[in-house]
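Novice: Please find one structure pasted underneath; my questions will follow.
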Amino acid sequence: MKNTYDIVTLDGDGIGPEVCQAALQVLREACGSSLLRFASHEGGAGHYQRSGFVLPQETFDACRTADATLHGAAGIPGVTYADGTEVGNDLHLQLRFKLDLFANVRPIRLYQGVKSTLSDWKAGQIDYVIVRENTEGLYASRGAGVNLRDELVTDTLVMTRKGVERVAQFSFDLARRRHGAPRDGQRRVTVCDKANILKTYAFFRAVCTEVASQYPDVQIDYAYADAITVHMLKKPDFYDVIVAENMFGDIISDLGAGTVGGLGMAPSAELGLDHGLFQGAHGSAPDIAGQDVASPLATILSAALMLRWLGDRHADERLRSAADGIEKAVEEVLAAGQTVPYDQGGTARCSEVTQAVCRHLG
Ligand code: ATP
């Protein structure tokens with residue numbers, strides 16, 4: 001346990017600054033003025049335009065030595081490298097690889113008061129976590145693909161035994177700490193892959209199956225990445241923890257978010273053994289940036305994940321109870337139905353949603 005925890009904040013681009021500042025306000029309300037010490041640092045596509053660096057060395061050093069990093073979002077349309085890929089994403093992609101944040105934890109939970117696009121499901125019936133492998137898979141070869149004379153282009157899907165083992169173990173450990181799937185209370189890890197098509201995915205499945213033998217109390221289940229998109233709509237209550245390769249995890253977590261109110265409701269924690277990066281699962285949403293209409297809830301809920309992760313790491317009950325407090329305040333705001341963010345059909349501005357959460361904390 002420490003007296004004070006150092007948190008780096010990275011506003012980023014688009015709605016990043018609004019939602020990051022909103023989360024900061026909530027963290028101050030939940031933790032008081034001395035438990036967390038914040039330091040804001042530069043990075044993202046806007047910073048790249050000004051300086052030529054998307055992740056300046058000084059920012060990276062700050063993230064490396066801090067207790068945790070809280071990020072808004074990064075990316076500006078049209079700000080791209082010569083190969084056409086977006087600059088902004090490099091802020092968190094570089095952090096993922098350099099800080100070895102191998103498990104990207106994305107809870108999908110339907111709150112009371114939030115209308116699901118799936119009309120038959122109520123709060124409590126959709127409550128699972130997607131664990132996206134975050135340092136290997138198809139995205140690991142970003143920047144290293146081959147473009148042969150503009151006629152043939154390849155990117156390589158990479159997997160290692162160590163990489164799959166650790167994310168599988170992380171997923172089974174997580175299932176042990178949860179209460180099972182809403183449908184039957186069964187602790188379950190679903191392996192999402194295309195083992196029927198590619199060697200890499202068959203390897204992913206085989207290694208997950210080996211790891212499962214150490215967890216007889218957790219059921220292992222398998223789903224192909226295409227089929228799971230249907231299952232997530234038709235039987236979302238069956239899922240407890242889903243572990244997926246990097247790109248599949250990216251895609252299915254947006255789908256999962258779509259079933260529980262949208263990207264504005266989807267938090268994310270990117271965890272390694274020594275570092276944690278926390279941001280909403282959404283991007284910089286340039287279409288709504290600067291208008292005070294973004295939902296800050298994904299980033300606020302990510303801040304709660306940050307407090308719980310820090311609390312568990314440092315056995316600090318103050319942080320764990322602040323995390324519970326933020327999640328309860330969000331639950332209460334949503335259940336009361338008076339402060340409904342734009343992305344859920346309401347008219348509550350980013351600032352109003354933030355104030356409402358702070359009021360419930362108070
Ligand atoms: P990335 O690839 O970087 O994750 P993206 O291209 O998938 O980004 P987002 O920036 O996540 O795109 O935006 C997708 C859509 O979701 C946009 O229409 C955006 O306005 C909406 N959206 C994203 N985040 C929020 C939010 N916090 N509140 C309201 N709407 C949001």
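Scheme for the structure tokens: letters A, B, ... for chains in order shown; per-chain residue numbers from 1; ligand numbers from 1 in order shown.
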Could you please extract the residues within 6 Å of ligand 1, counting only C-alpha atoms and all ligand atoms, and hand them back as a list of chain:residue names?
Specialist: A:Leu263, A:Gly264, A:His282, A:Gly283, A:Ser284, A:Ala285, A:Asp287, A:Ile288, A:Ala294, A:Ser295, A:Pro296, A:Asp343
Novice: List every residue of range 157-210 of chain A that DSSP, applied to the backbone of this structure, assigns to alpha helix (DSSP H), and report them as a list of chain:residue names.
Specialist: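 Filtering range 157-210 of chain A to alpha helix (DSSP H) leaves A:Arg161, A:Lys162, A:Gly163, A:Val164, A:Glu165, A:Arg166, A:Val167, A:Ala168, A:Gln169, A:Phe170, A:Ser171, A:Phe172, A:Asp173, A:Leu174, A:Ala175, A:Arg176, A:Arg177, A:Lys199, A:Thr200, A:Tyr201, A:Ala202, A:Phe203, A:Phe204, A:Arg205, A:Ala206, A:Val207, A:Cys208, A:Thr209, A:Glu210.
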Novice: Go ahead and save the residues from that selection, with C-alpha atoms, as a PDB file, in the first residue's frame.
Specialist:
```pdb
ATOM      1  CA  ARG A 161       3.258 -20.392 -26.877  1.00  0.00           C
ATOM      2  CA  LYS A 162       4.205 -17.941 -24.123  1.00  0.00           C
ATOM      3  CA  GLY A 163       1.793 -15.318 -25.475  1.00  0.00           C
ATOM      4  CA  VAL A 164      -1.184 -17.665 -25.757  1.00  0.00           C
ATOM      5  CA  GLU A 165      -0.476 -19.404 -22.446  1.00  0.00           C
ATOM      6  CA  ARG A 166      -0.374 -16.196 -20.445  1.00  0.00           C
ATOM      7  CA  VAL A 167      -3.566 -14.745 -21.900  1.00  0.00           C
ATOM      8  CA  ALA A 168      -5.336 -18.103 -21.448  1.00  0.00           C
ATOM      9  CA  GLN A 169      -4.184 -18.305 -17.812  1.00  0.00           C
ATOM     10  CA  PHE A 170      -5.289 -14.710 -17.287  1.00  0.00           C
ATOM     11  CA  SER A 171      -8.754 -15.583 -18.668  1.00  0.00           C
ATOM     12  CA  PHE A 172      -9.199 -18.714 -16.519  1.00  0.00           C
ATOM     13  CA  ASP A 173      -8.012 -16.821 -13.412  1.00  0.00           C
ATOM     14  CA  LEU A 174     -10.515 -14.077 -14.230  1.00  0.00           C
ATOM     15  CA  ALA A 175     -13.333 -16.655 -14.588  1.00  0.00           C
ATOM     16  CA  ARG A 176     -12.433 -17.951 -11.115  1.00  0.00           C
ATOM     17  CA  ARG A 177     -12.929 -14.473  -9.636  1.00  0.00           C
ATOM     18  CA  LYS A 199      -2.746 -23.098 -38.145  1.00  0.00           C
ATOM     19  CA  THR A 200      -2.274 -20.114 -35.853  1.00  0.00           C
ATOM     20  CA  TYR A 201      -5.860 -20.331 -34.580  1.00  0.00           C
ATOM     21  CA  ALA A 202      -5.648 -24.130 -34.220  1.00  0.00           C
ATOM     22  CA  PHE A 203      -2.531 -23.515 -32.078  1.00  0.00           C
ATOM     23  CA  PHE A 204      -4.384 -20.849 -30.058  1.00  0.00           C
ATOM     24  CA  ARG A 205      -7.190 -23.339 -29.370  1.00  0.00           C
ATOM     25  CA  ALA A 206      -4.802 -26.191 -28.518  1.00  0.00           C
ATOM     26  CA  VAL A 207      -2.783 -24.109 -26.047  1.00  0.00           C
ATOM     27  CA  CYS A 208      -5.968 -22.751 -24.394  1.00  0.00           C
ATOM     28  CA  THR A 209      -7.178 -26.350 -24.059  1.00  0.00           C
ATOM     29  CA  GLU A 210      -3.898 -27.369 -22.377  1.00  0.00           C
TER      30      GLU A 210
END
```
Novice: How far is it from CA of Ser119 in chain A to CA of Gly262 in chain A, in Å with one decimal?
Specialist: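 Between CA of Ser119 in chain A and CA of Gly262 in chain A the gap is 14.3 Å.
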Novice: Excluding Gly88 in chain A and residues on its chain fewer than 4 positions from it, collect all residues at most 7 Å away from it, counting only C-alpha atoms, and give them as a list of chain:residue names.
Specialist: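 Listing them by chain and then by number gives A:Gly44, A:Ala45, A:Val54, A:Ala74, A:Gly75, A:Ile76.
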Novice: Would you tabulate, counting only C-alpha atoms, all residues of range 12-120 of chain A that have an atom at most 7 Å from an atom of range 277-281 of chain A, showing the closest pair of atoms and their distance in Å to one decimal, sorted by chain then ascending number, as a tab-separated table?
Specialist:
```
residue	atom	partner	partner_atom	distance
A:Ala68	CA	A:Leu277	CA	6.2
A:Thr69	CA	A:Leu277	CA	4.8
A:Leu70	CA	A:Phe278	CA	4.9
A:His71	CA	A:Gln279	CA	4.9
A:Gly72	CA	A:Gln279	CA	5.9
```
Novice: Next, the residues of the selection above should be written as a compact mmCIF listing (two decimals), in the first residue's frame with C-alpha atoms.
Specialist:
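Once written, selection14.txt looks like this:
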```
# COMPACT_ATOMS: atom_id res chain seq x y z
CA ALA A 68 -1.16 3.53 -14.04
CA THR A 69 -2.07 5.44 -17.19
CA LEU A 70 -5.52 6.83 -18.01
CA HIS A 71 -6.14 7.70 -21.66
CA GLY A 72 -8.98 9.51 -23.46
```
Novice: Between A:Glu245, A:Asp240, A:Glu327, A:Asp274, single out the one closest to Asp100 in chain A, counting only C-alpha atoms.
Specialist: A:Asp274
Novice: Would you pick out the contacts of Gln291 in chain A at 12 Å or less, using only C-alpha atoms, so that residues sharing its chain but fewer than 6 positions from it are not included, and give the list as a ChimeraX atom specification?
Specialist: /A:14-15,17-19,285,342,348-351
Novice: According to DSSP computed on the backbone, where in range 135-316 of chain A is there strand (DSSP E or B)? Give the residues as number ranges by chain.
Specialist: A: 137, 146-148, 152-154, 158, 188-193, 219-224, 241-244, 269-271, 276-278
Novice: Just how far from CA of Leu95 in chain A is CA of Phe248 in chain A, in Å to one decimal?
Specialist: 19.9 Å
Novice: Given the choices A:Ile300, A:Ile108, A:Ala289, A:Ala144, which gets closest to Ile242 in chain A if the distance is worked out from only C-alpha atoms?
Specialist: A:Ile108
